[in-house]
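To start, the structure under review is shown below, and the notes come after it.
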Amino acid sequence: RNVRELRRGDILDFRQRLLDKDFSDSKVNRVIKTLKTCVKEGIYREELDRDPTLGIGNIREQKQERGIFTQQELASLFPKKGLGPWPDLSAYTCFLVAATTGMRRGEILALRWKDIDFNERVYHVRQAWKNDHEIGLPKWEKVRENLPLPEVTAQKLLELRSQSLHVLPDALVFHKKGGIRRSTLWWQQTFTQAMNKAKIKAKERRITAHSFRHSLNTYLRDQGVSDEKIRAAMGWTQEKTQANYTHWQPEHLREQATVIDKIFTVA
């Protein structure tokens, strides 16, 4: 239909079709917002004499909490022997870094061997891919240095380096043939295939690769690690941000019953 002939009903029908295709509420709202901007520009340019989007508001988004991995799932995803559901050592190690450091995708794919000090067992987060072609500082320009590298992660990284042809300081840790960086698509497809192989219902539980970051924050807080120290490692400055990454599960709350029992136990 010609844009001059658009009616409010057409736009409402279009919005519903997007929802029927399982687009998220936030994504649908962004599409409609873009459409509204185009219509208003048409009116400003006097190419349209009315606004068919008038009165069409945003869908009220229902915030759904992101899922996190159980400890059993983490153990099965990264077994001590074998590769678990991952296709090769590079993929295993790449996502192990995500699970044990909480680094973001762009930071992990921009990691270079010079960013890892195996002698001191620390790593540095100095760069991040903004997209598949642009690299810059990490999110919020928060460079993080001298972060402790877990032993399990260090050992896998050393194993990966021993098998790699690209081990110069500036070489990317995770790359495809020729030392070329891994793409966002590779990251997404590899994660999805691993979840399917591990029989983890990722979509149903709202689990993505970013859930490794959420999971790590939650388990560290549960084990009593200082919130300030966690935020320093993750690159956060606000308590509110950390709260959004914390998802208490029933197993985290069981200790409360033990404490209550002790309070009410009469010697």
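Residues in the structure tokens are named by chain (A, B, ... in the order shown) and by number from 1 within that chain; ligands are numbered from 1 in the order shown.
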Closest pair table for segment 85-145 of chain A residues within 9 Å of segment 224-245 of chain A, only C-alpha atoms, as a tab-separated table:
```
residue	atom	partner	partner_atom	distance
A:Thr101	CA	A:Met234	CA	8.0
A:Gly102	CA	A:Met234	CA	6.5
A:Met103	CA	A:Met234	CA	6.9
A:Arg104	CA	A:Met234	CA	8.9
A:Pro138	CA	A:Gly235	CA	8.7
A:Lys139	CA	A:Gly235	CA	8.0
A:Trp140	CA	A:Gly235	CA	8.1
A:Lys142	CA	A:Gly235	CA	6.0
A:Val143	CA	A:Gly235	CA	7.8
A:Arg144	CA	A:Ala233	CA	7.0
A:Glu145	CA	A:Ala233	CA	8.8
```
Please identify which residues in segment 83-209 of chain A DSSP calls strand (DSSP E or B) from the backbone, and express them as a ChimeraX atom specification. /A:112,116-117,122-125,128-129,135-136,144-148,172,175,181
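Going from atom CA of Val97 of chain A to atom CA of Val125 of chain A covers 12.1 Å.
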If we count only C-alpha atoms and set the cut-off at 12 Å, which residues sit around Leu48 of chain A, ignoring sequence neighbours fewer than 2 positions away in its own chain? Please answer as a PDB file with N, CA, C and O atoms, in the first residue's frame.
```pdb
ATOM      1  N   ASN A   2       0.487   2.267  -0.774  1.00  0.00           N
ATOM      2  CA  ASN A   2       1.203   3.533  -0.807  1.00  0.00           C
ATOM      3  C   ASN A   2       1.184   4.183   0.571  1.00  0.00           C
ATOM      4  O   ASN A   2       0.170   4.146   1.274  1.00  0.00           O
ATOM      5  N   VAL A   3       2.323   4.783   0.940  1.00  0.00           N
ATOM      6  CA  VAL A   3       2.421   5.354   2.282  1.00  0.00           C
ATOM      7  C   VAL A   3       1.372   6.441   2.508  1.00  0.00           C
ATOM      8  O   VAL A   3       0.911   6.658   3.637  1.00  0.00           O
ATOM      9  N   ARG A   4       0.941   7.100   1.433  1.00  0.00           N
ATOM     10  CA  ARG A   4      -0.086   8.129   1.565  1.00  0.00           C
ATOM     11  C   ARG A   4      -1.443   7.532   1.944  1.00  0.00           C
ATOM     12  O   ARG A   4      -2.324   8.231   2.440  1.00  0.00           O
ATOM     13  N   GLU A   5      -1.595   6.239   1.685  1.00  0.00           N
ATOM     14  CA  GLU A   5      -2.873   5.581   1.943  1.00  0.00           C
ATOM     15  C   GLU A   5      -2.884   4.814   3.261  1.00  0.00           C
ATOM     16  O   GLU A   5      -3.872   4.168   3.604  1.00  0.00           O
ATOM     17  N   LEU A   6      -1.776   4.878   3.997  1.00  0.00           N
ATOM     18  CA  LEU A   6      -1.695   4.135   5.258  1.00  0.00           C
ATOM     19  C   LEU A   6      -2.749   4.608   6.246  1.00  0.00           C
ATOM     20  O   LEU A   6      -2.998   5.806   6.385  1.00  0.00           O
ATOM     21  N   CYS A  38       9.904   8.251  10.314  1.00  0.00           N
ATOM     22  CA  CYS A  38       9.796   8.412   8.858  1.00  0.00           C
ATOM     23  C   CYS A  38       8.532   9.182   8.482  1.00  0.00           C
ATOM     24  O   CYS A  38       8.553  10.057   7.596  1.00  0.00           O
ATOM     25  N   VAL A  39       7.431   8.854   9.150  1.00  0.00           N
ATOM     26  CA  VAL A  39       6.156   9.528   8.867  1.00  0.00           C
ATOM     27  C   VAL A  39       6.247  11.001   9.220  1.00  0.00           C
ATOM     28  O   VAL A  39       5.810  11.880   8.455  1.00  0.00           O
ATOM     29  N   LYS A  40       6.828  11.310  10.376  1.00  0.00           N
ATOM     30  CA  LYS A  40       6.950  12.715  10.804  1.00  0.00           C
ATOM     31  C   LYS A  40       7.829  13.506   9.841  1.00  0.00           C
ATOM     32  O   LYS A  40       7.578  14.687   9.580  1.00  0.00           O
ATOM     33  N   GLU A  41       8.861  12.858   9.311  1.00  0.00           N
ATOM     34  CA  GLU A  41       9.698  13.538   8.329  1.00  0.00           C
ATOM     35  C   GLU A  41       8.910  13.823   7.064  1.00  0.00           C
ATOM     36  O   GLU A  41       9.048  14.891   6.451  1.00  0.00           O
ATOM     37  N   GLY A  42       8.051  12.867   6.673  1.00  0.00           N
ATOM     38  CA  GLY A  42       7.207  13.067   5.497  1.00  0.00           C
ATOM     39  C   GLY A  42       6.253  14.239   5.685  1.00  0.00           C
ATOM     40  O   GLY A  42       6.006  15.018   4.751  1.00  0.00           O
ATOM     41  N   ILE A  43       5.724  14.373   6.901  1.00  0.00           N
ATOM     42  CA  ILE A  43       4.835  15.498   7.209  1.00  0.00           C
ATOM     43  C   ILE A  43       5.605  16.804   7.174  1.00  0.00           C
ATOM     44  O   ILE A  43       5.151  17.814   6.627  1.00  0.00           O
ATOM     45  N   TYR A  44       6.801  16.801   7.749  1.00  0.00           N
ATOM     46  CA  TYR A  44       7.631  18.009   7.789  1.00  0.00           C
ATOM     47  C   TYR A  44       7.985  18.465   6.375  1.00  0.00           C
ATOM     48  O   TYR A  44       8.027  19.665   6.080  1.00  0.00           O
ATOM     49  N   ARG A  45       8.232  17.478   5.504  1.00  0.00           N
ATOM     50  CA  ARG A  45       8.585  17.806   4.120  1.00  0.00           C
ATOM     51  C   ARG A  45       7.346  18.110   3.274  1.00  0.00           C
ATOM     52  O   ARG A  45       7.439  18.337   2.068  1.00  0.00           O
ATOM     53  N   GLU A  46       6.163  18.055   3.907  1.00  0.00           N
ATOM     54  CA  GLU A  46       4.879  18.325   3.257  1.00  0.00           C
ATOM     55  C   GLU A  46       4.565  17.316   2.160  1.00  0.00           C
ATOM     56  O   GLU A  46       3.866  17.614   1.187  1.00  0.00           O
ATOM     57  N   ARG A  50      -1.094  13.986   6.861  1.00  0.00           N
ATOM     58  CA  ARG A  50      -1.637  13.474   8.124  1.00  0.00           C
ATOM     59  C   ARG A  50      -0.678  12.444   8.710  1.00  0.00           C
ATOM     60  O   ARG A  50       0.220  11.957   8.022  1.00  0.00           O
ATOM     61  N   ASP A  51      -0.900  12.123   9.974  1.00  0.00           N
ATOM     62  CA  ASP A  51      -0.019  11.187  10.689  1.00  0.00           C
ATOM     63  C   ASP A  51      -0.809   9.944  11.101  1.00  0.00           C
ATOM     64  O   ASP A  51      -1.541   9.957  12.090  1.00  0.00           O
ATOM     65  N   PRO A  52      -0.675   8.840  10.338  1.00  0.00           N
ATOM     66  CA  PRO A  52      -1.433   7.624  10.676  1.00  0.00           C
ATOM     67  C   PRO A  52      -0.904   6.907  11.926  1.00  0.00           C
ATOM     68  O   PRO A  52      -1.530   5.971  12.409  1.00  0.00           O
TER      69      PRO A  52
END
```
Contacts of segment 211-213 of chain A at 7 Å or less, counting only C-alpha atoms, minus same-chain residues fewer than 4 places along, as number ranges by chain? A: 67-68, 98-99, 102-103, 207, 217
Write out as a tab-separated table a residue-level contact list of segment 14-107 of chain A versus segment 190-205 of chain A with cut-off 9 Å: for each qualifying residue the closest pair of atoms and the distance in Å to one decimal, counting only C-alpha atoms, rows sorted by chain and residue number upward.
```
residue	atom	partner	partner_atom	distance
A:Arg66	CA	A:Arg205	CA	7.4
A:Gly67	CA	A:Arg205	CA	5.4
A:Ile68	CA	A:Arg205	CA	8.2
A:Glu73	CA	A:Ile200	CA	8.3
A:Ser76	CA	A:Ala198	CA	8.0
A:Leu77	CA	A:Ala198	CA	7.2
A:Gly84	CA	A:Ala198	CA	8.0
A:Pro85	CA	A:Ala194	CA	5.0
A:Trp86	CA	A:Ala194	CA	5.7
A:Pro87	CA	A:Thr190	CA	8.0
A:Ala91	CA	A:Thr190	CA	7.4
A:Phe95	CA	A:Phe191	CA	8.2
```
Quick one: residues within 12 Å of Asn131 of chain A, only C-alpha atoms counted, chain neighbours fewer than 5 positions away excluded, as a ChimeraX atom specification? /A:105-107,109-110,136,181-185
Using all heavy atoms, can you write the selected residues to a file as a JSON list (two decimals), in the first residue's frame?
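And here is the file that came out, selection_33.json:
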```
[["chain", "number", "residue", "atom", "x", "y", "z"],
["A", 105, "ARG", "N", 31.51, -10.81, 25.05],
["A", 105, "ARG", "CA", 31.88, -11.41, 23.77],
["A", 105, "ARG", "C", 32.94, -10.58, 23.05],
["A", 105, "ARG", "O", 33.96, -11.12, 22.60],
["A", 105, "ARG", "CB", 30.64, -11.54, 22.88],
["A", 105, "ARG", "CG", 30.94, -12.09, 21.47],
["A", 105, "ARG", "CD", 29.72, -11.94, 20.57],
["A", 105, "ARG", "NE", 29.43, -10.53, 20.33],
["A", 105, "ARG", "CZ", 28.20, -10.05, 20.15],
["A", 105, "ARG", "NH1", 27.16, -10.85, 20.18],
["A", 105, "ARG", "NH2", 28.02, -8.75, 19.94],
["A", 106, "GLY", "N", 32.70, -9.27, 22.89],
["A", 106, "GLY", "CA", 33.64, -8.43, 22.16],
["A", 106, "GLY", "C", 35.01, -8.39, 22.78],
["A", 106, "GLY", "O", 36.03, -8.28, 22.08],
["A", 107, "GLU", "N", 35.06, -8.50, 24.12],
["A", 107, "GLU", "CA", 36.34, -8.50, 24.84],
["A", 107, "GLU", "C", 37.09, -9.80, 24.62],
["A", 107, "GLU", "O", 38.30, -9.81, 24.43],
["A", 107, "GLU", "CB", 36.08, -8.27, 26.33],
["A", 107, "GLU", "CG", 35.46, -6.91, 26.64],
["A", 107, "GLU", "CD", 34.94, -6.81, 28.07],
["A", 107, "GLU", "OE1", 34.82, -7.85, 28.75],
["A", 107, "GLU", "OE2", 34.66, -5.68, 28.49],
["A", 109, "LEU", "N", 36.75, -11.98, 22.05],
["A", 109, "LEU", "CA", 37.19, -12.14, 20.67],
["A", 109, "LEU", "C", 38.31, -11.17, 20.30],
["A", 109, "LEU", "O", 38.98, -11.35, 19.29],
["A", 109, "LEU", "CB", 35.99, -11.96, 19.72],
["A", 109, "LEU", "CG", 34.89, -13.01, 19.86],
["A", 109, "LEU", "CD1", 33.77, -12.76, 18.85],
["A", 109, "LEU", "CD2", 35.44, -14.43, 19.70],
["A", 110, "ALA", "N", 38.51, -10.13, 21.15],
["A", 110, "ALA", "CA", 39.62, -9.19, 20.92],
["A", 110, "ALA", "C", 40.84, -9.53, 21.76],
["A", 110, "ALA", "O", 41.87, -8.85, 21.66],
["A", 110, "ALA", "CB", 39.16, -7.77, 21.23],
["A", 136, "GLY", "N", 37.87, -1.16, 19.64],
["A", 136, "GLY", "CA", 38.14, 0.01, 20.46],
["A", 136, "GLY", "C", 38.27, -0.39, 21.92],
["A", 136, "GLY", "O", 38.56, -1.55, 22.24],
["A", 181, "ARG", "N", 40.02, -12.85, 12.88],
["A", 181, "ARG", "CA", 39.13, -12.86, 14.04],
["A", 181, "ARG", "C", 37.88, -13.69, 13.77],
["A", 181, "ARG", "O", 37.41, -13.86, 12.64],
["A", 181, "ARG", "CB", 38.71, -11.45, 14.42],
["A", 181, "ARG", "CG", 37.79, -10.76, 13.42],
["A", 181, "ARG", "CD", 36.85, -9.80, 14.13],
["A", 181, "ARG", "NE", 35.90, -10.51, 14.96],
["A", 181, "ARG", "CZ", 34.92, -9.91, 15.63],
["A", 181, "ARG", "NH1", 34.78, -8.62, 15.58],
["A", 181, "ARG", "NH2", 34.08, -10.62, 16.36],
["A", 182, "ARG", "N", 37.34, -14.23, 14.85],
["A", 182, "ARG", "CA", 36.08, -14.94, 14.80],
["A", 182, "ARG", "C", 34.93, -13.94, 14.72],
["A", 182, "ARG", "O", 34.99, -12.86, 15.30],
["A", 182, "ARG", "CB", 35.90, -15.79, 16.06],
["A", 182, "ARG", "CG", 36.85, -16.98, 16.16],
["A", 182, "ARG", "CD", 36.47, -18.06, 15.18],
["A", 182, "ARG", "NE", 37.19, -19.30, 15.43],
["A", 182, "ARG", "CZ", 37.06, -20.40, 14.69],
["A", 182, "ARG", "NH1", 36.25, -20.39, 13.65],
["A", 182, "ARG", "NH2", 37.74, -21.49, 14.97],
["A", 183, "SER", "N", 33.88, -14.30, 14.01],
["A", 183, "SER", "CA", 32.75, -13.39, 13.83],
["A", 183, "SER", "C", 31.70, -13.57, 14.92],
["A", 183, "SER", "O", 31.67, -14.57, 15.63],
["A", 183, "SER", "CB", 32.10, -13.64, 12.46],
["A", 183, "SER", "OG", 31.48, -14.92, 12.46],
["A", 184, "THR", "N", 30.82, -12.59, 15.01],
["A", 184, "THR", "CA", 29.69, -12.67, 15.93],
["A", 184, "THR", "C", 28.81, -13.86, 15.57],
["A", 184, "THR", "O", 28.28, -14.55, 16.46],
["A", 184, "THR", "CB", 28.87, -11.37, 15.88],
["A", 184, "THR", "OG1", 29.71, -10.28, 16.24],
["A", 184, "THR", "CG2", 27.69, -11.43, 16.83],
["A", 185, "LEU", "N", 28.65, -14.11, 14.28],
["A", 185, "LEU", "CA", 27.83, -15.24, 13.84],
["A", 185, "LEU", "C", 28.42, -16.56, 14.33],
["A", 185, "LEU", "O", 27.68, -17.45, 14.77],
["A", 185, "LEU", "CB", 27.72, -15.24, 12.31],
["A", 185, "LEU", "CG", 26.86, -16.35, 11.70],
["A", 185, "LEU", "CD1", 25.42, -16.26, 12.19],
["A", 185, "LEU", "CD2", 26.92, -16.28, 10.17]]
```
Considering only C-alpha atoms, return as a ChimeraX atom specification whatever protein or nucleic-acid residues lie within 7 Å of segment 169-177 of chain A, sequence-local ones (same chain, fewer than 6 positions apart) excluded. /A:90,94,109-114
